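The file target_19.pdb comes next; it holds PDB, C-alpha atoms and all ligand atoms.
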ATOM      1  CA  GLU S 288     -38.485 111.755 -33.319
ATOM      2  CA  LEU S 289     -39.523 114.885 -31.410
ATOM      3  CA  CYS S 290     -40.924 116.511 -34.548
ATOM      4  CA  HIS S 291     -43.068 113.454 -35.265
ATOM      5  CA  ASN S 292     -44.289 112.581 -31.773
ATOM      6  CA  LYS S 293     -48.042 112.372 -32.394
ATOM      7  CA  THR S 294     -48.883 112.008 -28.704
ATOM      8  CA  GLN S 295     -47.026 115.215 -27.829
ATOM      9  CA  GLN S 296     -48.732 117.043 -30.652
ATOM     10  CA  PHE S 297     -52.137 115.830 -29.534
ATOM     11  CA  ARG S 298     -51.357 116.915 -25.974
ATOM     12  CA  HIS S 299     -50.574 120.422 -27.148
ATOM     13  CA  ARG S 300     -53.772 120.615 -29.170
ATOM     14  CA  ILE S 301     -55.835 119.440 -26.217
ATOM     15  CA  VAL S 302     -54.221 121.803 -23.716
ATOM     16  CA  ARG S 303     -54.666 124.748 -26.086
ATOM     17  CA  ALA S 304     -58.296 123.783 -26.677
ATOM     18  CA  PHE S 305     -58.923 123.710 -22.915
ATOM     19  CA  GLU S 306     -57.244 127.064 -22.418
ATOM     20  CA  LYS S 307     -59.389 128.587 -25.164
ATOM     21  CA  ALA S 308     -62.517 126.941 -23.734
ATOM     22  CA  MET S 309     -61.720 128.388 -20.299
ATOM     23  CA  VAL S 310     -61.793 131.916 -21.677
ATOM     24  CA  GLU S 311     -64.909 131.314 -23.768
ATOM     25  CA  SER S 312     -66.877 129.723 -20.948
ATOM     26  CA  VAL S 313     -66.279 132.789 -18.743
ATOM     27  CA  ASN S 314     -67.338 135.129 -21.536
ATOM     28  CA  GLU S 315     -70.501 133.130 -22.180
ATOM     29  CA  SER S 316     -71.702 132.676 -18.621
ATOM     30  CA  GLN S 317     -71.515 136.187 -17.247
ATOM     31  CA  ALA S 318     -74.613 135.519 -15.173
ATOM     32  CA  ASN S 319     -73.914 134.856 -11.520
ATOM     33  CA  HIS S 320     -76.845 132.613 -10.670
ATOM     34  CA  TYR S 321     -75.157 131.260  -7.528
ATOM     35  CA  ASN S 322     -74.069 134.666  -6.183
ATOM     36  CA  VAL S 323     -70.408 133.722  -6.149
ATOM     37  CA  ASP S 324     -68.481 136.560  -4.502
ATOM     38  CA  TYR S 325     -65.039 134.950  -4.393
ATOM     39  CA  LYS S 326     -62.144 137.385  -4.486
ATOM     40  CA  PRO S 327     -59.031 135.747  -5.859
ATOM     41  CA  VAL S 328     -55.927 136.026  -3.687
ATOM     42  CA  PHE S 329     -52.690 136.196  -5.599
ATOM     43  CA  GLY S 330     -49.451 134.926  -4.133
ATOM     44  CA  ASP S 331     -46.893 137.713  -3.999
ATOM     45  CA  SER S 332     -43.796 135.675  -4.702
ATOM     46  CA  PHE S 333     -42.785 133.363  -7.505
ATOM     47  CA  GLU S 334     -42.462 130.408  -5.113
ATOM     48  CA  GLU S 335     -46.004 130.819  -3.873
ATOM     49  CA  GLN S 336     -47.462 130.375  -7.329
ATOM     50  CA  TYR S 337     -47.596 126.582  -7.249
ATOM     51  CA  TYR S 338     -49.287 124.306  -4.773
ATOM     52  CA  PRO S 339     -49.799 120.662  -5.800
ATOM     53  CA  SER S 340     -53.203 120.191  -7.369
ATOM     54  CA  THR S 341     -53.922 116.937  -5.530
ATOM     55  CA  CYS S 342     -53.399 118.800  -2.238
ATOM     56  CA  LEU S 343     -55.774 121.570  -3.328
ATOM     57  CA  VAL S 344     -58.412 118.988  -4.198
ATOM     58  CA  MET S 345     -57.938 117.115  -0.909
ATOM     59  CA  GLU S 346     -58.178 120.320   1.079
ATOM     60  CA  ALA S 347     -61.556 121.128  -0.430
ATOM     61  CA  GLY S 348     -62.795 118.272   1.763
ATOM     62  CA  VAL S 349     -65.621 117.172  -0.514
ATOM     63  CA  ARG S 350     -67.837 114.986   1.657
ATOM     64  CA  VAL S 351     -71.292 113.581   2.205
ATOM     65  CA  LEU S 352     -73.609 114.939   4.890
ATOM     66  CA  ARG S 353     -73.840 112.931   8.123
ATOM     67  CA  ARG S 354     -76.538 112.688  10.793
ATOM     68  CA  LYS S 355     -74.413 114.617  13.258
ATOM     69  CA  ASP S 356     -74.043 117.639  10.949
ATOM     70  CA  ALA S 357     -75.977 120.750  11.947
ATOM     71  CA  PRO S 358     -78.722 121.564  11.160
ATOM     72  CA  PHE S 359     -79.621 117.983  10.222
ATOM     73  CA  ASN S 360     -78.903 116.682  13.747
ATOM     74  CA  LYS S 361     -81.980 118.676  14.818
ATOM     75  CA  LEU S 362     -84.180 117.959  11.801
ATOM     76  CA  PRO S 363     -86.244 114.825  11.150
ATOM     77  CA  PHE S 364     -84.828 114.936   7.615
ATOM     78  CA  GLY S 365     -81.334 114.199   8.962
ATOM     79  CA  ARG S 366     -82.498 110.831  10.313
ATOM     80  CA  LEU S 367     -82.855 109.712   6.717
ATOM     81  CA  PHE S 368     -79.083 109.796   6.269
ATOM     82  CA  PRO S 369     -77.470 106.339   6.442
ATOM     83  CA  ARG S 370     -75.523 105.482   9.595
ATOM     84  CA  GLN S 371     -72.937 103.674   7.479
ATOM     85  CA  LYS S 372     -69.820 105.303   6.125
ATOM     86  CA  LEU S 373     -69.600 106.134   2.422
ATOM     87  CA  PHE S 374     -67.412 103.046   1.765
ATOM     88  CA  ARG S 375     -66.981  99.841   3.743
ATOM     89  CA  ASN S 376     -63.493  98.502   4.569
ATOM     90  CA  VAL S 377     -61.684 101.651   3.496
ATOM     91  CA  LYS S 378     -58.348 100.131   4.582
ATOM     92  CA  ASP S 379     -58.643  97.484   1.857
ATOM     93  CA  ILE S 380     -59.203  99.998  -0.935
ATOM     94  CA  LYS S 381     -56.115 100.133  -3.121
ATOM     95  CA  THR S 382     -57.250 101.179  -6.568
ATOM     96  CA  CYS S 383     -60.262 103.079  -7.862
ATOM     97  CA  ALA S 384     -61.554 103.818 -11.346
ATOM     98  CA  ILE S 385     -63.664 106.799 -12.275
ATOM     99  CA  VAL S 386     -65.505 106.306 -15.525
ATOM    100  CA  SER S 387     -66.377 109.596 -17.180
ATOM    101  CA  SER S 388     -69.345 109.342 -19.503
ATOM    102  CA  ALA S 389     -67.384 110.759 -22.435
ATOM    103  CA  GLY S 390     -68.234 109.748 -25.999
ATOM    104  CA  SER S 391     -64.623 108.750 -26.580
ATOM    105  CA  LEU S 392     -65.079 105.734 -24.296
ATOM    106  CA  ALA S 393     -66.869 104.133 -27.221
ATOM    107  CA  GLY S 394     -64.559 101.585 -28.792
ATOM    108  CA  SER S 395     -61.992 101.916 -25.989
ATOM    109  CA  LYS S 396     -62.187  98.268 -24.852
ATOM    110  CA  LEU S 397     -61.271  99.466 -21.347
ATOM    111  CA  GLY S 398     -63.997  97.417 -19.650
ATOM    112  CA  ARG S 399     -61.759  94.673 -18.324
ATOM    113  CA  PHE S 400     -59.230  97.191 -17.010
ATOM    114  CA  ILE S 401     -61.965  99.215 -15.290
ATOM    115  CA  ASP S 402     -63.413  96.144 -13.579
ATOM    116  CA  THR S 403     -60.051  95.226 -11.975
ATOM    117  CA  HIS S 404     -60.335  98.221  -9.623
ATOM    118  CA  ASP S 405     -61.567  97.845  -6.037
ATOM    119  CA  ILE S 406     -64.009 100.716  -6.502
ATOM    120  CA  VAL S 407     -65.661 101.841  -9.723
ATOM    121  CA  MET S 408     -67.397 105.228  -9.810
ATOM    122  CA  ARG S 409     -69.904 106.170 -12.510
ATOM    123  CA  PHE S 410     -72.155 109.152 -13.110
ATOM    124  CA  ASN S 411     -75.842 109.812 -13.410
ATOM    125  CA  HIS S 412     -77.670 107.269 -15.575
ATOM    126  CA  ALA S 413     -74.603 106.130 -17.560
ATOM    127  CA  PRO S 414     -75.362 102.481 -18.409
ATOM    128  CA  THR S 415     -73.033  99.488 -18.379
ATOM    129  CA  GLN S 416     -75.468  97.089 -20.033
ATOM    130  CA  GLY S 417     -74.595  96.753 -23.693
ATOM    131  CA  HIS S 418     -71.326  98.671 -23.199
ATOM    132  CA  GLU S 419     -69.415  96.189 -21.004
ATOM    133  CA  VAL S 420     -66.480  95.792 -23.386
ATOM    134  CA  ASP S 421     -65.751  99.532 -23.285
ATOM    135  CA  VAL S 422     -66.826 100.599 -19.779
ATOM    136  CA  GLY S 423     -66.961  97.381 -17.736
ATOM    137  CA  SER S 424     -69.801  96.051 -15.641
ATOM    138  CA  LYS S 425     -68.813  96.768 -12.036
ATOM    139  CA  THR S 426     -70.329  99.792 -10.270
ATOM    140  CA  THR S 427     -69.609 100.660  -6.651
ATOM    141  CA  ILE S 428     -70.861 104.232  -6.513
ATOM    142  CA  ARG S 429     -72.841 106.632  -8.664
ATOM    143  CA  VAL S 430     -72.537 110.373  -8.334
ATOM    144  CA  VAL S 431     -75.845 111.834  -9.485
ATOM    145  CA  ASN S 432     -76.906 115.432  -9.974
ATOM    146  CA  SER S 433     -80.186 116.820  -8.720
ATOM    147  CA  GLN S 434     -81.734 116.795 -12.200
ATOM    148  CA  VAL S 435     -81.287 113.051 -12.417
ATOM    149  CA  VAL S 436     -82.771 112.670  -8.946
ATOM    150  CA  THR S 437     -85.859 114.731  -9.796
ATOM    151  CA  LYS S 438     -86.753 114.434 -13.493
ATOM    152  CA  PRO S 439     -89.367 111.721 -14.091
ATOM    153  CA  GLU S 440     -87.597 110.297 -17.140
ATOM    154  CA  PHE S 441     -84.731 109.049 -14.927
ATOM    155  CA  ASP S 442     -87.094 107.345 -12.464
ATOM    156  CA  PHE S 443     -84.542 107.700  -9.654
ATOM    157  CA  THR S 444     -86.608 105.998  -6.969
ATOM    158  CA  ARG S 445     -87.321 102.857  -9.032
ATOM    159  CA  ALA S 446     -84.875 102.375 -11.916
ATOM    160  CA  PRO S 447     -82.608  99.302 -11.412
ATOM    161  CA  ILE S 448     -79.536 101.338 -12.387
ATOM    162  CA  PHE S 449     -79.751 103.241  -9.076
ATOM    163  CA  ARG S 450     -80.258 100.127  -6.927
ATOM    164  CA  ASN S 451     -77.631  98.169  -5.002
ATOM    165  CA  VAL S 452     -74.929 100.778  -5.510
ATOM    166  CA  THR S 453     -73.798 103.615  -3.289
ATOM    167  CA  ILE S 454     -75.413 106.902  -4.308
ATOM    168  CA  ALA S 455     -73.906 110.355  -3.758
ATOM    169  CA  ALA S 456     -76.394 113.004  -4.909
ATOM    170  CA  TRP S 457     -75.512 116.662  -5.236
ATOM    171  CA  ASP S 458     -77.072 120.057  -5.845
ATOM    172  CA  PRO S 459     -75.103 123.297  -5.569
ATOM    173  CA  GLY S 460     -77.504 125.525  -3.623
ATOM    174  CA  LYS S 461     -76.122 129.081  -3.458
ATOM    175  CA  TYR S 462     -72.443 129.948  -2.981
ATOM    176  CA  ASN S 463     -72.907 131.557   0.428
ATOM    177  CA  GLY S 464     -76.161 129.858   1.325
ATOM    178  CA  THR S 465     -76.554 128.046   4.627
ATOM    179  CA  LEU S 466     -77.622 124.404   4.686
ATOM    180  CA  GLU S 467     -81.055 125.594   5.870
ATOM    181  CA  ASP S 468     -81.275 127.853   2.821
ATOM    182  CA  TRP S 469     -80.302 124.911   0.650
ATOM    183  CA  LEU S 470     -83.367 122.940   1.734
ATOM    184  CA  THR S 471     -85.566 125.552   0.038
ATOM    185  CA  SER S 472     -83.251 126.882  -2.690
ATOM    186  CA  ALA S 473     -81.827 123.803  -4.394
ATOM    187  CA  ASP S 474     -81.732 124.105  -8.193
ATOM    188  CA  TYR S 475     -83.888 120.968  -8.318
ATOM    189  CA  ASP S 476     -85.680 119.708  -5.235
ATOM    190  CA  LEU S 477     -83.726 116.504  -4.720
ATOM    191  CA  PHE S 478     -84.968 116.112  -1.133
ATOM    192  CA  THR S 479     -88.391 114.700  -1.969
ATOM    193  CA  ASN S 480     -87.104 111.817  -4.061
ATOM    194  CA  TYR S 481     -84.157 111.258  -1.737
ATOM    195  CA  GLU S 482     -86.615 110.770   1.103
ATOM    196  CA  LEU S 483     -88.743 108.442  -1.004
ATOM    197  CA  TYR S 484     -85.693 106.416  -2.004
ATOM    198  CA  ARG S 485     -84.407 106.127   1.561
ATOM    199  CA  ARG S 486     -87.819 105.102   2.882
ATOM    200  CA  ARG S 487     -88.246 102.556   0.116
ATOM    201  CA  TYR S 488     -84.726 101.112   0.577
ATOM    202  CA  PRO S 489     -83.726 101.698   4.210
ATOM    203  CA  LYS S 490     -80.589  99.573   3.831
ATOM    204  CA  SER S 491     -79.323 101.610   0.878
ATOM    205  CA  ARG S 492     -76.142 103.644   1.048
ATOM    206  CA  ALA S 493     -77.574 106.836  -0.446
ATOM    207  CA  PHE S 494     -75.979 110.102   0.620
ATOM    208  CA  LEU S 495     -76.226 113.803  -0.106
ATOM    209  CA  ILE S 496     -73.025 115.679  -0.889
ATOM    210  CA  ASP S 497     -72.392 118.690   1.341
ATOM    211  CA  PRO S 498     -72.989 121.654  -1.028
ATOM    212  CA  HIS S 499     -70.516 123.803   0.928
ATOM    213  CA  SER S 500     -67.845 121.266   0.055
ATOM    214  CA  VAL S 501     -68.810 121.532  -3.630
ATOM    215  CA  TRP S 502     -68.124 125.272  -3.504
ATOM    216  CA  ARG S 503     -64.850 124.718  -1.633
ATOM    217  CA  LEU S 504     -63.858 122.528  -4.564
ATOM    218  CA  TRP S 505     -64.797 125.369  -6.903
ATOM    219  CA  GLN S 506     -62.459 127.603  -4.852
ATOM    220  CA  SER S 507     -59.641 125.062  -5.150
ATOM    221  CA  LEU S 508     -60.191 125.076  -8.890
ATOM    222  CA  GLN S 509     -60.071 128.875  -9.014
ATOM    223  CA  MET S 510     -56.847 128.772  -6.960
ATOM    224  CA  PHE S 511     -55.369 126.373  -9.475
ATOM    225  CA  ALA S 512     -56.435 128.698 -12.305
ATOM    226  CA  GLY S 513     -54.718 131.605 -10.517
ATOM    227  CA  ASN S 514     -55.335 134.877 -12.281
ATOM    228  CA  ARG S 515     -57.556 133.300 -14.949
ATOM    229  CA  PRO S 516     -61.201 133.483 -13.850
ATOM    230  CA  ILE S 517     -63.277 130.311 -14.128
ATOM    231  CA  SER S 518     -67.022 130.185 -14.725
ATOM    232  CA  ARG S 519     -69.035 130.897 -11.597
ATOM    233  CA  ASN S 520     -70.967 127.647 -11.844
ATOM    234  CA  PRO S 521     -70.346 124.491  -9.836
ATOM    235  CA  PRO S 522     -67.808 121.881 -10.990
ATOM    236  CA  SER S 523     -69.057 118.933 -13.063
ATOM    237  CA  SER S 524     -70.138 115.666 -11.449
ATOM    238  CA  GLY S 525     -66.912 114.141 -12.726
ATOM    239  CA  PHE S 526     -64.712 116.553 -10.808
ATOM    240  CA  ILE S 527     -66.893 116.382  -7.695
ATOM    241  CA  GLY S 528     -66.610 112.586  -7.902
ATOM    242  CA  LEU S 529     -62.821 112.749  -8.054
ATOM    243  CA  ALA S 530     -62.671 114.998  -4.992
ATOM    244  CA  LEU S 531     -65.104 112.762  -3.102
ATOM    245  CA  LEU S 532     -63.168 109.590  -3.909
ATOM    246  CA  LEU S 533     -59.537 110.668  -3.560
ATOM    247  CA  PRO S 534     -59.483 110.815   0.272
ATOM    248  CA  HIS S 535     -60.606 107.153   0.330
ATOM    249  CA  CYS S 536     -58.317 105.832  -2.351
ATOM    250  CA  PRO S 537     -54.494 105.770  -2.706
ATOM    251  CA  GLN S 538     -54.665 105.538  -6.496
ATOM    252  CA  VAL S 539     -57.406 106.750  -8.816
ATOM    253  CA  ASP S 540     -57.538 105.977 -12.537
ATOM    254  CA  PHE S 541     -59.769 108.559 -14.190
ATOM    255  CA  VAL S 542     -60.886 107.153 -17.532
ATOM    256  CA  GLU S 543     -61.464 109.375 -20.598
ATOM    257  CA  TYR S 544     -61.844 112.561 -18.607
ATOM    258  CA  VAL S 545     -58.912 114.196 -20.334
ATOM    259  CA  PRO S 546     -59.714 113.023 -23.847
ATOM    260  CA  SER S 547     -57.513 110.518 -25.655
ATOM    261  CA  THR S 548     -56.907 110.431 -29.401
ATOM    262  CA  ARG S 549     -60.239 108.567 -29.612
ATOM    263  CA  LEU S 550     -61.856 112.008 -29.196
ATOM    264  CA  ASN S 551     -64.897 111.856 -31.438
ATOM    265  CA  GLY S 552     -67.157 114.845 -30.728
ATOM    266  CA  ARG S 553     -69.836 112.707 -29.122
ATOM    267  CA  CYS S 554     -71.230 113.841 -25.796
ATOM    268  CA  HIS S 555     -71.744 110.417 -24.155
ATOM    269  CA  TYR S 556     -70.629 106.895 -25.015
ATOM    270  CA  TYR S 557     -74.237 105.784 -24.604
ATOM    271  CA  SER S 558     -75.893 108.235 -26.997
ATOM    272  CA  LYS S 559     -75.369 109.480 -30.523
ATOM    273  CA  GLU S 560     -75.600 113.177 -29.596
ATOM    274  CA  MET S 561     -72.715 115.195 -31.018
ATOM    275  CA  ASN S 562     -71.711 118.050 -28.711
ATOM    276  CA  SER S 563     -68.143 118.988 -27.983
ATOM    277  CA  ALA S 564     -69.268 121.291 -25.139
ATOM    278  CA  CYS S 565     -69.737 118.098 -23.090
ATOM    279  CA  THR S 566     -65.996 117.525 -23.355
ATOM    280  CA  PHE S 567     -64.653 121.089 -23.376
ATOM    281  CA  GLY S 568     -67.307 122.698 -21.197
ATOM    282  CA  SER S 569     -69.451 125.767 -21.460
ATOM    283  CA  TRP S 570     -71.529 125.906 -18.292
ATOM    284  CA  HIS S 571     -69.369 123.999 -15.798
ATOM    285  CA  PRO S 572     -65.740 125.162 -15.400
ATOM    286  CA  LEU S 573     -64.936 121.869 -17.147
ATOM    287  CA  ALA S 574     -61.882 123.006 -19.108
ATOM    288  CA  ALA S 575     -60.195 124.268 -15.926
ATOM    289  CA  GLU S 576     -61.114 120.997 -14.185
ATOM    290  CA  LYS S 577     -59.441 118.985 -16.900
ATOM    291  CA  LEU S 578     -56.291 121.116 -16.934
ATOM    292  CA  MET S 579     -56.114 120.628 -13.176
ATOM    293  CA  ALA S 580     -56.681 116.878 -13.532
ATOM    294  CA  LEU S 581     -53.912 116.690 -16.126
ATOM    295  CA  ASP S 582     -51.641 118.479 -13.665
ATOM    296  CA  MET S 583     -52.347 115.653 -11.194
ATOM    297  CA  ASN S 584     -51.366 112.907 -13.621
ATOM    298  CA  MET S 585     -48.760 110.552 -12.155
ATOM    299  CA  ALA S 586     -48.841 107.801 -14.768
ATOM    300  CA  GLU S 587     -45.312 106.482 -15.228
ATOM    301  CA  ASP S 588     -45.428 106.885 -18.976
ATOM    302  CA  ASP S 589     -46.959 110.306 -18.520
ATOM    303  CA  ASP S 590     -48.622 111.374 -21.758
ATOM    304  CA  MET S 591     -48.820 107.958 -23.423
ATOM    305  CA  SER S 592     -51.250 106.639 -20.857
ATOM    306  CA  VAL S 593     -53.511 109.688 -20.898
ATOM    307  CA  PHE S 594     -53.637 110.422 -24.591
ATOM    308  CA  GLN S 595     -53.286 106.923 -26.087
ATOM    309  CA  PHE S 596     -55.270 104.859 -23.602
ATOM    310  CA  GLY S 597     -57.406 107.535 -21.960
ATOM    311  CA  ILE S 598     -56.174 106.725 -18.448
ATOM    312  CA  LEU S 599     -55.154 109.498 -16.097
ATOM    313  CA  ARG S 600     -53.574 108.188 -12.882
ATOM    314  CA  ILE S 601     -53.822 110.250  -9.707
ATOM    315  CA  ARG S 602     -52.084 109.368  -6.457
ATOM    316  CA  ARG S 603     -53.344 110.587  -3.125
ATOM    317  CA  PRO S 604     -50.798 112.710  -1.277
ATOM    318  CA  ASP S 605     -49.482 110.845   1.804
ATOM    319  CA  LYS S 606     -49.952 113.650   4.259
ATOM    320  CA  LEU S 607     -51.618 117.007   4.066
TER     321      LEU S 607
HETATM  322  O1  LIG N   1     -73.042 114.319 -18.684
HETATM  323  P1  LIG N   1     -72.791 113.787 -17.328
HETATM  324  O2  LIG N   1     -72.671 114.889 -16.281
HETATM  325  O3  LIG N   1     -73.763 112.733 -16.892
HETATM  326  O4  LIG N   1     -71.366 113.081 -17.402
HETATM  327  C1  LIG N   1     -70.706 112.669 -16.224
HETATM  328  C2  LIG N   1     -69.360 113.352 -16.127
HETATM  329  O5  LIG N   1     -68.463 112.844 -17.113
HETATM  330  C3  LIG N   1     -69.419 114.842 -16.388
HETATM  331  O6  LIG N   1     -69.796 115.529 -15.198
HETATM  332  C4  LIG N   1     -68.003 115.151 -16.831
HETATM  333  O7  LIG N   1     -67.161 115.327 -15.717
HETATM  334  C5  LIG N   1     -67.605 113.883 -17.554
HETATM  335  N1  LIG N   1     -67.764 113.999 -19.015
HETATM  336  C6  LIG N   1     -66.666 114.399 -19.771
HETATM  337  N2  LIG N   1     -66.750 114.502 -21.127
HETATM  338  C7  LIG N   1     -67.903 114.217 -21.768
HETATM  339  C8  LIG N   1     -69.039 113.825 -21.028
HETATM  340  C9  LIG N   1     -68.931 113.713 -19.648
HETATM  341  O8  LIG N   1     -65.610 114.651 -19.207
HETATM  342  N3  LIG N   1     -67.949 114.285 -23.115
END

Could you show the structure in this file as structure tokens?
Ligand code: C5P
Amino acid sequence: ELCHNKTQQFRHRIVRAFEKAMVESVNESQANHYNVDYKPVFGDSFEEQYYPSTCLVMEAGVRVLRRKDAPFNKLPFGRLFPRQKLFRNVKDIKTCAIVSSAGSLAGSKLGRFIDTHDIVMRFNHAPTQGHEVDVGSKTTIRVVNSQVVTKPEFDFTRAPIFRNVTIAAWDPGKYNGTLEDWLTSADYDLFTNYELYRRRYPKSRAFLIDPHSVWRLWQSLQMFAGNRPISRNPPSSGFIGLALLLPHCPQVDFVEYVPSTRLNGRCHYYSKEMNSACTFGSWHPLAAEKLMALDMNMAEDDDMSVFQFGILRIRRPDKL
């Protein structure tokens, strides 16, 4: 039985592939575009080596910017931020689904399962239309990167896909940059279109993610990785989304983030592009993210759920 357990064998292949990808992604991206100057701290005793990954992610405190946050409380720009909270009726939220955009969602038939969740998070311009059977049709929140906010082909301020859902937009700025610096040093100037969007739809729940909190998440990831360096680029939207959602949700099902046996080499379920870097990472510290996510898995049947169905279940720690 043990010698023929296909799920176990697949798990080992995946974990090894992520570990290899971690090393390769650091070798490839030697550049330090974001001026990351993090010095790893190593625990000095055996016991100190492990801290639960969900706690590390929670402690990063990934969050959206609010009107009261300096320097935005003194800037006209800050008055664009919604007064509402990120989610309404947080007490009623029991289950959340995060739908990665992975190619292996194609043919998964997970749509109905995804739609049973109280909150469904998606990324960037990932469509539901035409893919309902595999990815569902409900969308509560979209996490979008600053390229999607700015590049004309995505039409952020007008496209229906970005309407009537909560938006959390992010851009990394620089590692040690202040929020003032960020306003002039974002990778892509997301502020112009954010302003346009908020003026056009004043009732929208569209937020900006605090870039400092994105880099705290990067630090949590490096702490998880311990003495193995991770790439000095920000985490992927998927991992940022997880960290943003977890504080609001007792149970998160992350769908096809850690790939199941449906793994097919495609980048996205909605395009034909073949590119395994989308799954294993090259620029983002994606492989480390996925090893950390796998460490958070609490599904009762453990590996079956992740590798057969593509569902990784994460429970929020009760207390920090
Ligand atoms: O490509 P994009 O950033 O829009 O995809 C959204 C997120 O889905 C990524 O940030 C990543 O976390 C996840 N993803 C993945 N595997 C893929 C494609 C996307 O885990 N093949």

### Task
Name each residue within 10 Å of ligand LIG 1 (chain N), counting only C-alpha atoms and all ligand atoms, as JSON, numbers by chain.
{"S": [385, 386, 387, 388, 389, 390, 391, 392, 409, 410, 411, 412, 413, 429, 430, 431, 432, 435, 522, 523, 524, 525, 526, 527, 528, 529, 541, 542, 543, 544, 545, 546, 550, 551, 552, 553, 554, 555, 556, 561, 562, 563, 564, 565, 566, 567, 568, 571, 572, 573, 574, 576, 577]}

### Query
In Å to one decimal, how far is atom CA of S:Ser547 from atom CA of S:Arg600?
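Computing the Euclidean distance for atom CA of S:Arg600 and atom CA of S:Ser547 yields 13.6 Å.
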
#### Entry: Pick from S:Lys490, S:Arg503, S:Lys381, S:Lys559, whichever lies nearest to S:Asp540 using only C-alpha atoms
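Closest to S:Asp540 of all the choices is S:Lys381.
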
### Task
May I have the residues within 9 Å of S:Met345 as number ranges by chain, using only C-alpha atoms and disregarding those fewer than 2 positions away in the same chain?
S: 340-343, 347-349, 504, 530-531, 533-534, 603-604, 607

### Message
Here is a test: counting all atoms listed in the file, which residue of S:Phe441, S:Val310, S:Thr382, S:Val420 is nearest to S:Gly394?
### Response
S:Val420

Neighbour residues at most 10 Å from (-78.1, 99.2, -4.9) (all atoms listed in the file) as a CSV table (one decimal) with C-alpha atoms, in the frame of the given file:
chain,number,residue,atom,x,y,z
S,426,THR,CA,-70.3,99.8,-10.3
S,427,THR,CA,-69.6,100.7,-6.7
S,428,ILE,CA,-70.9,104.2,-6.5
S,429,ARG,CA,-72.8,106.6,-8.7
S,447,PRO,CA,-82.6,99.3,-11.4
S,448,ILE,CA,-79.5,101.3,-12.4
S,449,PHE,CA,-79.8,103.2,-9.1
S,450,ARG,CA,-80.3,100.1,-6.9
S,451,ASN,CA,-77.6,98.2,-5.0
S,452,VAL,CA,-74.9,100.8,-5.5
S,453,THR,CA,-73.8,103.6,-3.3
S,454,ILE,CA,-75.4,106.9,-4.3
S,488,TYR,CA,-84.7,101.1,0.6
S,490,LYS,CA,-80.6,99.6,3.8
S,491,SER,CA,-79.3,101.6,0.9
S,492,ARG,CA,-76.1,103.6,1.0
S,493,ALA,CA,-77.6,106.8,-0.4

### Query
If you measure from atom CA of S:Ala456 to atom CA of S:Arg350, what distance in Å do you get, rounded to one decimal?
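Taking atom CA of S:Ala456 and atom CA of S:Arg350, their separation equals 11.0 Å.
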
### Message
If the PyMOL selection byres (((chain S and resi 578) around 10) and not hetatm) were run on this exact file, what residues would it hold? Put them as number ranges by chain.
### Response
S: 301-303, 305-306, 309, 508, 511-512, 545, 573-577, 579-583

### Residue nearest S:Trp505 - candidates S:Val313, S:Ile601, S:Val344, S:Ala318, atoms counted: only C-alpha atoms
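The closest residue to S:Trp505 is S:Val344.
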
#### Entry: Contacts of S:Leu483 within 12 Å, all atoms listed in the file, excl. fewer than 2 positions in-chain, as a list in words
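Result of the neighbour search: Phe364, Leu367, Val436, Thr437, Asp442, Phe443, Thr444, Arg445, Leu477, Phe478, Thr479, Asn480, Tyr481, Arg485, Arg486, Arg487, Tyr488, Pro489, Ser491 and Ala493 of chain S.
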
Taking a cut-off of 9 Å and counting all atoms listed in the file, can you build a table that, for each residue of stretch 480-592 of chain S near stretch 320-323 of chain S, reports the nearest atom pair and how far apart they are in Å (one decimal), sorted by chain then residue number, as a Markdown table?
| residue | atom | partner | partner_atom | distance |
| --- | --- | --- | --- | --- |
| S:Arg519 | CA | S:Val323 | CA | 6.3 |
| S:Asn520 | CA | S:Tyr321 | CA | 7.0 |
| S:Pro521 | CA | S:Tyr321 | CA | 8.6 |

### Message
I'd like the interatomic distance between atom CA of S:Phe297 and atom CA of S:Ala393, to a tenth of an Å.
### Response
19.0 Å

### Picked residues, the PyMOL selection byres (((chain S and resi 396) around 10) and not hetatm), expected as a list in words
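This file, filtered by the PyMOL selection byres (((chain S and resi 396) around 10) and not hetatm), leaves Leu392, Ala393, Gly394, Ser395, Leu397, Gly398, Arg399, Phe400, Ile401, His418, Glu419, Val420, Asp421, Val422, Gly423 and Phe596 of chain S.
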